[in-house]
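Participant: Handing over coords-v2.cif, mmCIF, C-alpha atoms and all ligand atoms.
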```
data_structure
loop_
_atom_site.label_atom_id
_atom_site.label_comp_id
_atom_site.auth_asym_id
_atom_site.auth_seq_id
_atom_site.Cartn_x
_atom_site.Cartn_y
_atom_site.Cartn_z
CA MET Z 1 16.90 57.57 108.65
CA ILE Z 2 16.89 57.68 104.86
CA LYS Z 3 13.58 57.72 103.02
CA TYR Z 4 13.74 57.54 99.24
CA GLN Z 5 10.74 58.29 96.99
CA LYS Z 6 9.50 56.64 93.83
CA ILE Z 7 9.94 58.91 90.84
CA PHE Z 8 7.48 59.81 88.09
CA LEU Z 9 8.70 60.54 84.55
CA ASN Z 10 7.05 60.97 81.18
CA ASP Z 11 9.54 58.36 79.98
CA LYS Z 12 7.77 55.31 81.39
CA GLU Z 13 10.48 52.82 80.46
CA ILE Z 14 13.16 54.66 82.44
CA GLU Z 15 10.68 55.45 85.25
CA LYS Z 16 9.96 51.73 85.60
CA ALA Z 17 13.63 50.74 85.64
CA ILE Z 18 14.52 53.39 88.25
CA ASN Z 19 11.61 52.41 90.49
CA ASN Z 20 12.51 48.75 90.11
CA GLU Z 21 16.02 49.66 91.20
CA LEU Z 22 14.56 51.40 94.26
CA ILE Z 23 12.75 48.19 95.15
CA ARG Z 24 15.93 46.17 94.54
CA GLN Z 25 17.86 48.47 96.85
CA GLN Z 26 15.15 48.11 99.51
CA ASP Z 27 14.85 44.33 99.27
CA ARG Z 28 18.49 43.26 99.04
CA ILE Z 29 21.18 43.26 101.65
CA GLU Z 30 23.95 45.35 100.14
CA LEU Z 31 27.42 44.14 101.03
CA ILE Z 32 29.39 45.61 98.13
CA ALA Z 33 32.14 47.44 100.03
CA SER Z 34 32.25 50.34 97.59
CA GLU Z 35 28.54 51.17 97.71
CA ASN Z 36 26.46 53.16 100.15
CA TYR Z 37 23.09 54.91 100.53
CA VAL Z 38 23.39 58.70 100.22
CA SER Z 39 21.25 61.09 102.25
CA GLU Z 40 18.15 62.63 100.69
CA ASP Z 41 19.96 66.00 100.56
CA VAL Z 42 22.87 64.51 98.59
CA LEU Z 43 20.35 62.90 96.27
CA LYS Z 44 18.47 66.17 95.76
CA ALA Z 45 21.66 68.09 94.95
CA ALA Z 46 22.77 65.38 92.51
CA GLY Z 47 19.38 65.51 90.79
CA SER Z 48 19.25 69.32 90.67
CA ILE Z 49 19.11 71.88 87.83
CA LEU Z 50 22.87 72.30 88.19
CA THR Z 51 23.11 69.64 85.52
CA ASN Z 52 22.13 72.39 83.05
CA LYS Z 53 25.23 74.50 83.66
CA TYR Z 54 28.54 74.60 81.81
CA GLY Z 55 31.58 76.11 83.51
CA GLU Z 56 34.93 74.87 82.23
CA GLY Z 57 37.74 76.19 84.39
CA TYR Z 58 37.80 76.94 88.11
CA PRO Z 59 35.91 79.39 90.41
CA HIS Z 60 36.28 82.99 89.12
CA LYS Z 61 38.38 81.71 86.18
CA ARG Z 62 35.73 80.16 83.93
CA TYR Z 63 35.45 80.00 80.18
CA TYR Z 64 31.65 80.54 80.43
CA GLY Z 65 29.38 83.28 81.76
CA GLY Z 66 26.71 82.91 84.44
CA CYS Z 67 28.94 81.00 86.84
CA GLU Z 68 28.31 83.07 89.98
CA ASN Z 69 26.25 80.35 91.70
CA VAL Z 70 28.33 77.38 90.65
CA ASP Z 71 31.41 79.27 91.85
CA VAL Z 72 29.85 79.47 95.32
CA ILE Z 73 29.10 75.74 95.20
CA GLU Z 74 32.56 74.67 94.03
CA GLU Z 75 34.29 76.93 96.58
CA LEU Z 76 32.15 75.51 99.38
CA ALA Z 77 32.96 71.97 98.25
CA ILE Z 78 36.70 72.77 98.23
CA GLU Z 79 36.66 74.50 101.62
CA ARG Z 80 34.69 71.72 103.28
CA LEU Z 81 36.93 69.03 101.80
CA LYS Z 82 40.08 70.83 102.95
CA LYS Z 83 38.63 71.07 106.45
CA LEU Z 84 37.56 67.43 106.47
CA PHE Z 85 41.06 66.14 105.75
CA ASN Z 86 43.03 69.08 107.10
CA VAL Z 87 44.77 69.59 103.77
CA LYS Z 88 45.81 72.75 101.91
CA TYR Z 89 44.66 72.17 98.32
CA ALA Z 90 41.74 70.22 96.88
CA ASN Z 91 40.25 69.61 93.45
CA VAL Z 92 36.62 68.45 93.54
CA GLN Z 93 36.02 68.16 89.79
CA PRO Z 94 37.12 64.59 88.90
CA TYR Z 95 34.19 62.69 87.43
CA SER Z 96 35.35 59.47 89.08
CA GLY Z 97 38.11 57.92 91.14
CA SER Z 98 39.82 56.58 88.03
CA VAL Z 99 39.99 60.02 86.40
CA ALA Z 100 41.26 61.48 89.68
CA ASN Z 101 44.05 58.89 89.61
CA ALA Z 102 44.85 59.64 85.96
CA ALA Z 103 45.18 63.36 86.68
CA ALA Z 104 47.12 62.82 89.90
CA ILE Z 105 49.64 60.48 88.27
CA ALA Z 106 50.16 62.85 85.34
CA SER Z 107 50.80 65.65 87.86
CA LEU Z 108 53.64 63.69 89.44
CA ILE Z 109 55.52 61.83 86.71
CA PRO Z 110 56.17 62.11 82.95
CA LYS Z 111 54.48 59.78 80.47
CA ASN Z 112 56.19 56.41 80.28
CA GLY Z 113 57.45 56.93 83.85
CA LYS Z 114 57.73 53.94 86.18
CA ILE Z 115 54.93 53.17 88.64
CA LEU Z 116 55.02 50.62 91.45
CA GLY Z 117 51.51 49.80 92.63
CA MET Z 118 49.69 47.04 94.49
CA SER Z 119 48.77 44.08 92.30
CA LEU Z 120 45.14 43.52 91.47
CA SER Z 121 45.07 40.09 93.09
CA SER Z 122 46.53 41.52 96.30
CA GLY Z 123 43.77 44.13 96.39
CA GLY Z 124 45.02 47.00 94.21
CA HIS Z 125 42.90 48.92 91.69
CA LEU Z 126 42.94 48.80 87.88
CA SER Z 127 44.02 52.46 87.73
CA HIS Z 128 47.18 51.72 89.79
CA GLY Z 129 49.01 50.31 86.76
CA TYR Z 130 46.98 47.40 85.43
CA LYS Z 131 47.65 46.71 81.78
CA ILE Z 132 44.08 47.16 80.51
CA SER Z 133 43.70 50.61 82.13
CA PHE Z 134 45.19 53.96 81.03
CA SER Z 135 47.77 53.49 83.79
CA GLY Z 136 49.26 50.35 82.29
CA TYR Z 137 49.05 51.81 78.78
CA PHE Z 138 50.77 55.15 79.33
CA TYR Z 139 53.26 54.15 82.02
CA GLN Z 140 55.72 51.33 82.76
CA THR Z 141 54.12 49.49 85.62
CA TYR Z 142 55.29 47.06 88.30
CA PHE Z 143 53.49 45.53 91.23
CA TYR Z 144 54.05 44.57 94.83
CA ASP Z 145 52.04 41.78 96.45
CA VAL Z 146 50.93 40.89 99.94
CA ASP Z 147 52.90 38.16 101.74
CA LYS Z 148 51.73 34.57 102.28
CA ASN Z 149 49.49 35.72 105.15
CA GLY Z 150 47.85 38.29 102.91
CA ILE Z 151 49.58 41.23 104.62
CA LEU Z 152 51.71 44.03 103.16
CA ASP Z 153 55.37 43.27 103.82
CA TYR Z 154 57.17 46.62 103.76
CA ASP Z 155 60.65 45.05 103.66
CA GLN Z 156 59.71 43.12 100.52
CA ILE Z 157 58.24 46.28 98.97
CA LEU Z 158 61.49 48.12 99.72
CA GLU Z 159 63.57 45.38 98.07
CA LEU Z 160 61.35 45.51 95.01
CA ALA Z 161 61.45 49.31 94.90
CA LYS Z 162 65.27 49.23 95.04
CA LYS Z 163 65.33 46.93 92.01
CA ILE Z 164 62.72 48.78 89.98
CA LYS Z 165 63.56 52.36 90.96
CA PRO Z 166 60.05 53.65 90.30
CA ASP Z 167 59.24 57.31 89.71
CA LEU Z 168 56.02 56.84 91.66
CA ILE Z 169 54.77 54.45 94.31
CA ILE Z 170 51.01 54.10 94.71
CA CYS Z 171 49.55 52.88 97.98
CA GLY Z 172 45.89 52.33 98.78
CA ALA Z 173 43.60 49.50 97.75
CA SER Z 174 40.19 48.27 96.70
CA ALA Z 175 40.34 45.04 98.63
CA TYR Z 176 42.71 45.10 101.59
CA SER Z 177 41.31 44.66 105.08
CA ARG Z 178 44.31 45.70 107.18
CA ILE Z 179 45.76 49.09 108.16
CA ILE Z 180 47.99 50.67 105.52
CA ASP Z 181 51.19 52.13 106.98
CA PHE Z 182 51.64 55.32 104.95
CA LYS Z 183 54.72 56.30 106.96
CA LYS Z 184 56.49 53.11 105.92
CA PHE Z 185 55.55 53.74 102.31
CA LYS Z 186 57.06 57.23 102.60
CA GLU Z 187 60.31 55.77 103.97
CA ILE Z 188 60.45 53.39 101.00
CA ALA Z 189 59.69 56.17 98.51
CA ASP Z 190 62.41 58.36 100.04
CA GLN Z 191 64.99 55.57 99.90
CA VAL Z 192 64.49 55.11 96.16
CA GLY Z 193 63.75 58.73 95.27
CA ALA Z 194 60.13 58.07 94.23
CA LYS Z 195 57.04 60.23 94.57
CA LEU Z 196 54.26 58.82 96.74
CA MET Z 197 50.55 58.80 96.00
CA ALA Z 198 47.82 57.38 98.27
CA ASP Z 199 44.45 56.38 96.90
CA ILE Z 200 42.10 56.33 99.90
CA ALA Z 201 38.92 55.70 97.86
CA HIS Z 202 37.79 52.94 100.19
CA ILE Z 203 38.90 54.20 103.56
CA ALA Z 204 38.23 57.95 103.10
CA GLY Z 205 35.46 58.04 105.73
CA LEU Z 206 37.70 56.23 108.21
CA VAL Z 207 40.62 58.58 107.50
CA ALA Z 208 38.39 61.67 107.82
CA THR Z 209 37.28 60.51 111.27
CA LYS Z 210 40.79 59.42 112.35
CA LEU Z 211 39.85 55.74 112.52
CA HIS Z 212 42.58 54.95 110.02
CA PRO Z 213 46.00 56.68 109.97
CA SER Z 214 46.12 59.65 107.62
CA PRO Z 215 48.39 59.67 104.53
CA PHE Z 216 48.51 63.45 104.16
CA GLU Z 217 51.77 64.17 105.92
CA TYR Z 218 53.58 61.54 103.85
CA CYS Z 219 52.18 61.73 100.33
CA ASP Z 220 52.77 64.09 97.42
CA VAL Z 221 49.16 63.61 96.46
CA VAL Z 222 46.09 61.84 97.84
CA THR Z 223 43.12 60.77 95.71
CA SER Z 224 39.77 59.34 96.64
CA THR Z 225 36.29 58.56 95.48
CA THR Z 226 33.45 60.27 97.32
CA HIS Z 227 30.85 57.50 97.25
CA LYS Z 228 32.21 54.66 99.36
CA THR Z 229 32.76 55.07 103.14
CA LEU Z 230 32.54 58.83 102.55
CA ARG Z 231 28.85 58.30 101.60
CA GLY Z 232 28.62 61.06 99.01
CA ALA Z 233 27.59 61.37 95.40
CA ARG Z 234 29.66 59.39 92.92
CA GLY Z 235 32.88 61.08 91.92
CA GLY Z 236 36.56 61.68 92.59
CA ILE Z 237 38.70 64.17 94.50
CA ILE Z 238 42.41 65.04 94.57
CA MET Z 239 44.20 66.62 97.53
CA THR Z 240 47.73 67.80 98.30
CA ASN Z 241 49.69 70.03 100.65
CA ASN Z 242 52.13 71.03 97.92
CA SER Z 243 51.21 74.17 95.96
CA GLU Z 244 53.22 73.19 92.87
CA VAL Z 245 51.57 69.78 92.73
CA ALA Z 246 48.18 71.47 93.28
CA GLN Z 247 48.69 73.67 90.23
CA LYS Z 248 49.61 70.68 88.11
CA VAL Z 249 46.60 68.74 89.42
CA ASP Z 250 44.24 71.54 88.44
CA ARG Z 251 45.75 71.64 84.97
CA TRP Z 252 45.59 67.87 84.53
CA VAL Z 253 41.97 67.64 85.65
CA PHE Z 254 40.99 70.45 83.26
CA PRO Z 255 41.96 70.66 80.44
CA GLY Z 256 44.15 67.55 80.84
CA TYR Z 257 41.59 64.80 81.29
CA GLN Z 258 38.20 66.47 81.59
CA GLY Z 259 35.94 69.11 80.12
CA GLY Z 260 33.15 70.91 81.96
CA PRO Z 261 32.67 70.11 85.65
CA LEU Z 262 29.53 68.21 86.73
CA PHE Z 263 28.14 70.86 89.07
CA HIS Z 264 25.24 68.72 90.27
CA GLN Z 265 27.79 66.15 91.45
CA ILE Z 266 30.04 68.84 92.94
CA ALA Z 267 27.08 70.25 94.89
CA ALA Z 268 26.19 66.76 96.07
CA LYS Z 269 29.83 66.19 97.10
CA ALA Z 270 29.72 69.49 99.06
CA VAL Z 271 26.58 68.36 100.90
CA ALA Z 272 28.23 65.04 101.73
CA PHE Z 273 31.40 66.77 103.01
CA LYS Z 274 29.26 68.88 105.36
CA GLU Z 275 27.57 65.71 106.61
CA ALA Z 276 30.99 64.12 107.10
CA LEU Z 277 32.09 67.09 109.22
CA ASP Z 278 29.18 66.48 111.60
CA PRO Z 279 30.07 64.51 114.77
CA SER Z 280 27.40 61.92 113.91
CA PHE Z 281 29.54 60.85 110.93
CA ALA Z 282 32.32 59.69 113.26
CA ILE Z 283 29.80 57.57 115.16
CA TYR Z 284 28.67 56.07 111.85
CA GLN Z 285 32.28 55.26 110.86
CA GLU Z 286 32.93 53.66 114.26
CA GLN Z 287 29.88 51.48 113.77
CA ILE Z 288 31.10 50.46 110.30
CA ILE Z 289 34.28 49.08 111.88
CA LYS Z 290 32.50 47.46 114.84
CA ASN Z 291 30.13 45.79 112.41
CA ALA Z 292 32.94 44.60 110.13
CA LYS Z 293 34.79 43.08 113.08
CA ALA Z 294 31.68 41.35 114.46
CA PHE Z 295 30.72 40.09 110.97
CA CYS Z 296 34.23 38.83 110.20
CA ASN Z 297 34.61 37.22 113.61
CA GLU Z 298 31.48 35.13 113.11
CA PHE Z 299 33.03 33.61 109.97
CA LYS Z 300 36.30 33.03 111.80
CA LEU Z 301 34.47 31.19 114.59
CA ALA Z 302 33.13 28.86 111.90
CA ASN Z 303 36.70 28.24 110.66
CA ILE Z 304 36.15 30.09 107.43
CA GLU Z 305 39.27 31.39 105.72
CA ILE Z 306 39.50 35.19 105.84
CA VAL Z 307 42.08 36.70 103.46
CA SER Z 308 44.70 38.66 105.50
CA GLY Z 309 43.43 37.00 108.68
CA THR Z 310 40.94 39.60 109.87
CA THR Z 311 39.71 43.13 109.28
CA ASP Z 312 40.79 46.50 110.65
CA ASN Z 313 38.49 48.51 108.40
CA HIS Z 314 35.13 48.29 106.63
CA LEU Z 315 35.64 45.15 104.53
CA PHE Z 316 37.14 41.69 104.32
CA MET Z 317 37.50 38.91 101.78
CA ILE Z 318 36.54 35.26 102.19
CA ASN Z 319 38.46 32.54 100.39
CA VAL Z 320 35.35 30.67 99.21
CA LYS Z 321 37.40 28.17 97.22
CA LYS Z 322 39.15 26.91 100.31
CA SER Z 323 36.22 27.31 102.69
CA PHE Z 324 33.31 26.05 100.56
CA ASN Z 325 34.87 24.66 97.39
CA LEU Z 326 33.06 27.33 95.37
CA THR Z 327 34.41 29.96 93.01
CA GLY Z 328 33.77 33.62 93.77
CA LYS Z 329 31.37 33.71 90.82
CA GLU Z 330 29.37 30.76 92.13
CA ALA Z 331 29.25 32.15 95.67
CA THR Z 332 28.04 35.52 94.39
CA GLU Z 333 25.27 33.89 92.37
CA ILE Z 334 24.11 31.72 95.28
CA LEU Z 335 23.95 34.69 97.66
CA GLU Z 336 22.11 36.77 95.06
CA ARG Z 337 19.38 34.13 94.96
CA ALA Z 338 18.75 34.87 98.64
CA ASN Z 339 18.80 38.65 98.00
CA ILE Z 340 22.30 39.22 99.37
CA THR Z 341 24.55 41.25 97.06
CA VAL Z 342 28.33 40.83 97.23
CA ASN Z 343 31.06 40.90 94.62
CA LYS Z 344 33.42 38.17 93.53
CA ASN Z 345 37.00 39.18 94.21
CA ALA Z 346 40.43 37.91 93.26
CA ILE Z 347 42.46 36.82 96.27
CA PRO Z 348 46.26 36.70 96.61
CA ASN Z 349 47.76 34.10 94.23
CA ASP Z 350 44.34 33.39 92.79
CA LEU Z 351 44.44 30.63 90.18
CA GLU Z 352 41.04 31.59 88.79
CA SER Z 353 40.55 34.37 86.22
CA PRO Z 354 39.26 37.81 87.33
CA GLN Z 355 35.83 36.84 85.92
CA ILE Z 356 35.67 33.74 88.13
CA THR Z 357 37.94 34.32 91.18
CA SER Z 358 38.30 32.34 94.40
CA GLY Z 359 37.01 34.98 96.75
CA ILE Z 360 34.18 37.28 97.68
CA ARG Z 361 34.46 40.74 99.22
CA LEU Z 362 32.09 41.80 101.99
CA GLY Z 363 31.71 45.37 103.26
CA THR Z 364 29.64 46.95 106.01
CA PRO Z 365 29.26 50.68 105.06
CA ALA Z 366 25.91 50.40 103.26
CA MET Z 367 24.03 48.24 105.74
CA THR Z 368 25.48 50.27 108.62
CA THR Z 369 23.84 53.32 107.03
CA ARG Z 370 20.57 51.40 107.06
CA GLY Z 371 20.93 50.77 110.78
CA PHE Z 372 22.46 47.30 111.04
CA LYS Z 373 24.44 46.76 114.22
CA GLU Z 374 26.64 43.84 115.33
CA GLU Z 375 23.65 41.55 116.04
CA GLU Z 376 22.25 41.88 112.51
CA PHE Z 377 25.68 41.24 111.00
CA LYS Z 378 26.14 38.13 113.13
CA THR Z 379 22.75 36.82 112.00
CA LEU Z 380 23.72 37.61 108.43
CA ALA Z 381 27.00 35.72 108.74
CA HIS Z 382 25.06 32.60 109.68
CA ILE Z 383 22.67 33.02 106.77
CA ILE Z 384 25.66 33.32 104.39
CA ILE Z 385 27.47 30.31 105.88
CA GLN Z 386 24.35 28.13 105.56
CA LEU Z 387 23.87 29.19 101.96
CA LEU Z 388 27.46 28.58 100.94
CA GLN Z 389 27.59 25.25 102.75
CA ASN Z 390 24.39 24.11 101.02
CA PRO Z 391 24.57 25.94 97.72
CA TYR Z 392 21.96 23.96 95.84
CA ASP Z 393 19.46 23.32 98.65
CA GLU Z 394 16.31 25.11 97.50
CA ASN Z 395 14.76 24.94 101.00
CA ILE Z 396 17.72 26.74 102.51
CA ILE Z 397 17.66 29.35 99.75
CA LYS Z 398 13.92 29.93 100.39
CA LYS Z 399 14.38 30.13 104.18
CA SER Z 400 17.39 32.48 103.81
CA LYS Z 401 15.43 34.74 101.50
CA GLU Z 402 12.71 35.03 104.14
CA GLU Z 403 15.29 35.84 106.82
CA VAL Z 404 16.82 38.48 104.55
CA SER Z 405 13.37 39.93 103.93
CA SER Z 406 12.67 40.22 107.64
CA LEU Z 407 15.99 42.08 108.08
CA THR Z 408 15.50 44.47 105.15
CA SER Z 409 11.92 45.27 106.12
CA LYS Z 410 13.11 46.21 109.61
CA PHE Z 411 15.56 48.74 108.10
CA LYS Z 412 13.58 50.40 105.34
CA ILE Z 413 14.77 52.96 102.82
CA ILE Z 414 11.41 53.53 101.11
C1 LIG E 1 41.01 52.18 95.44
C2 LIG E 1 40.13 52.64 94.31
N1 LIG E 1 40.54 53.65 93.54
C3 LIG E 1 39.81 54.10 92.50
C4 LIG E 1 38.60 53.55 92.21
C5 LIG E 1 37.87 54.02 90.98
O1 LIG E 1 36.75 54.73 91.23
P1 LIG E 1 35.70 54.97 90.07
O2 LIG E 1 34.94 53.72 89.92
O3 LIG E 1 34.89 56.13 90.58
O4 LIG E 1 36.47 55.33 88.83
C6 LIG E 1 38.10 52.50 92.99
C7 LIG E 1 36.80 51.93 92.67
O5 LIG E 1 36.31 51.00 93.16
C8 LIG E 1 38.90 52.03 94.06
O6 LIG E 1 38.50 51.01 94.81
#
```
Once more with this new file: its structure as structure tokens, please.
Facilitator:
Amino acid sequence: MIKYQKIFLNDKEIEKAINNELIRQQDRIELIASENYVSEDVLKAAGSILTNKYGEGYPHKRYYGGCENVDVIEELAIERLKKLFNVKYANVQPYSGSVANAAAIASLIPKNGKILGMSLSSGGHLSHGYKISFSGYFYQTYFYDVDKNGILDYDQILELAKKIKPDLIICGASAYSRIIDFKKFKEIADQVGAKLMADIAHIAGLVATKLHPSPFEYCDVVTSTTHKTLRGARGGIIMTNNSEVAQKVDRWVFPGYQGGPLFHQIAAKAVAFKEALDPSFAIYQEQIIKNAKAFCNEFKLANIEIVSGTTDNHLFMINVKKSFNLTGKEATEILERANITVNKNAIPNDLESPQITSGIRLGTPAMTTRGFKEEEFKTLAHIIIQLLQNPYDENIIKKSKEEVSSLTSKFKII
């Protein structure tokens, strides 16, 4: 059980905002698929005096003195991560998933090279080639989509890859609820002579516990964030089994894209990796999936349109336009009024803009950490359905808020 404390600072304005955030996190049901509640140990490491230390470079090859302790920490983080994913080389310095992707891509292809990634509306990430990110600015980018059922069609991706002849194919997603077949992606990459990169930011915890197939035997490089299903401090990681790629990755992280490592975050990542190596983490990941399936199924029983049909992982998207005649933005705002936090999400062939969208994305990792099981998620599904079916009924909003409050006070974090 997590127990967070209020904090006391001389800076009263920041103290107030942080403590208000603590109350917000306690009182709301958190369904953002990319968020989680870290352990108290992860929190302590992230808030530690390591934030004082500079140490550009890598363990035993630093540009600064006094690195003997941070070397121990970074080496532990690397060793634990390698064990967790059974991989030969790991870089734990990326400040975020996006920077990890930038460094990984640069390690594999030259600037202006061709990338084939998953489109944003099919569930891909900005850093997989979208025009407003570094990836769309520095590279020539092309996208594959899901099919009309919202599922990856590997034959279509192969046809596209043959036409485009990309230097790099990126697989992995921010909003895709089905299993990703990394082996098929490798076959496609081989047929067109492309490198293959998997971004497992969302499913890392599931991959680590073998609840989702692993990409490692098929990919030149694998990137991830550490703060989603992996339940660690915020940040990125890059892994590979290829020593040449590993050398390039290290060079592209520092000095390529970053300066001094954030040792407090690296220590917090190391703590999280140790937690993820504990057998209890696999039980947690199993529960995430059981909860997602039970949650999703309750919507399906009410004839609500689930993008891609169902879920095999920790998240799923609802087509709120079709199911409730609401935009994703409206649905998000209605749920927020009842203390339920979700995010609006583009869905395949979305006619709305990314600021409006026709979908919402729901994920179970955070509330599973708090102790929710299938029963709580089923209850929650009914609260959400009632709210979205009666979006402007103040009585229903009030009643739902009370129901949410009884759920959150049963699973406390303060
Ligand atoms: C698949 C994927 N990759 C990368 C990222 C980027 O991570 P960050 O926000 O840490 O840059 C995200 C974030 O949501 C993601 O979903």
Participant: Hey, which residues sit close to ligand LIG 1 (chain E)? Say within 6 Å, counting only C-alpha atoms and all ligand atoms, and write them as a list in words.
Facilitator: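 Using only C-alpha atoms and all ligand atoms, I find these residues within 6 Å of ligand LIG 1 (chain E): Ser96, Gly97, Ser98, His125, Gly172, Ala173, Ser174, Asp199, Ala201, His202, Thr225 and Gly235 of chain Z.
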Participant: Applying 10 Å and only C-alpha atoms, which residues near Gly371 in chain Z remain after dropping the ones on its own chain fewer than 5 positions away? List them as a compact mmCIF listing (two decimals) with C-alpha atoms, keeping the file's coordinate frame.
Facilitator:
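Output contents, as saved in selection.txt:
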```txt
# COMPACT_ATOMS: atom_id res chain seq x y z
CA MET Z 1 16.90 57.57 108.65
CA ILE Z 2 16.89 57.68 104.86
CA TYR Z 284 28.67 56.07 111.85
CA GLN Z 287 29.88 51.48 113.77
CA ALA Z 366 25.91 50.40 103.26
CA GLU Z 376 22.25 41.88 112.51
CA LYS Z 410 13.11 46.21 109.61
CA PHE Z 411 15.56 48.74 108.10
CA LYS Z 412 13.58 50.40 105.34
```
Participant: Ranking Z:Leu230, Z:Ala292, Z:Met367, Z:Ile203 by minimum distance to Leu277 in chain Z and counting all atoms listed in the file, which one comes first?
Facilitator: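 Looking only at the distances to Leu277 in chain Z, the closest residue turns out to be Z:Leu230.
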Participant: Grab the CA of Ile7 in chain Z to CA of Val42 in chain Z distance for me, in Å with one decimal place.
Facilitator: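 Answer for the CA of Ile7 in chain Z to CA of Val42 in chain Z separation: 16.1 Å.
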Participant: Tell me which of Z:Thr223, Z:Thr310, Z:Ser214, Z:Gln355 sits closest to Ile105 in chain Z, counting only C-alpha atoms.
Facilitator: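 Result for the nearest residue to Ile105 in chain Z: Z:Thr223.
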Participant: Would you mind listing what lies within 8 Å of range 179-190 of chain Z as a compact mmCIF listing (two decimals) with C-alpha atoms, in the frame of the given file, with all atoms listed in the file counted and same-chain residues fewer than 4 positions away left out?
Facilitator:
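Everything below was put into selection21.txt:
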```txt
# COMPACT_ATOMS: atom_id res chain seq x y z
CA LEU Z 152 51.71 44.03 103.16
CA TYR Z 154 57.17 46.62 103.76
CA ILE Z 157 58.24 46.28 98.97
CA LEU Z 158 61.49 48.12 99.72
CA ALA Z 161 61.45 49.31 94.90
CA LEU Z 168 56.02 56.84 91.66
CA ILE Z 169 54.77 54.45 94.31
CA CYS Z 171 49.55 52.88 97.98
CA GLY Z 172 45.89 52.33 98.78
CA ALA Z 194 60.13 58.07 94.23
CA LYS Z 195 57.04 60.23 94.57
CA LEU Z 196 54.26 58.82 96.74
CA ALA Z 198 47.82 57.38 98.27
CA HIS Z 212 42.58 54.95 110.02
CA PRO Z 213 46.00 56.68 109.97
CA SER Z 214 46.12 59.65 107.62
CA PRO Z 215 48.39 59.67 104.53
CA TYR Z 218 53.58 61.54 103.85
CA CYS Z 219 52.18 61.73 100.33
CA ASP Z 312 40.79 46.50 110.65
CA ASN Z 313 38.49 48.51 108.40
```
Participant: Residues at most 10 Å from Tyr137 in chain Z, counting all atoms listed in the file, excluding those fewer than 6 positions away in the same chain, as a ChimeraX atom specification?
Facilitator: /Z:111-112,129-131
Participant: So the first atom is CA of Thr229 in chain Z and the second is CA of Lys293 in chain Z; what is the distance between them in Å, to one decimal place?
Facilitator: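 Here the two named atoms are 15.7 Å from each other.
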Participant: Near Lys163 in chain Z, within 12 Å and counting all atoms listed in the file, which residues show up once chain neighbours fewer than 3 positions away are dropped, as a count of residues only?
Facilitator: 13
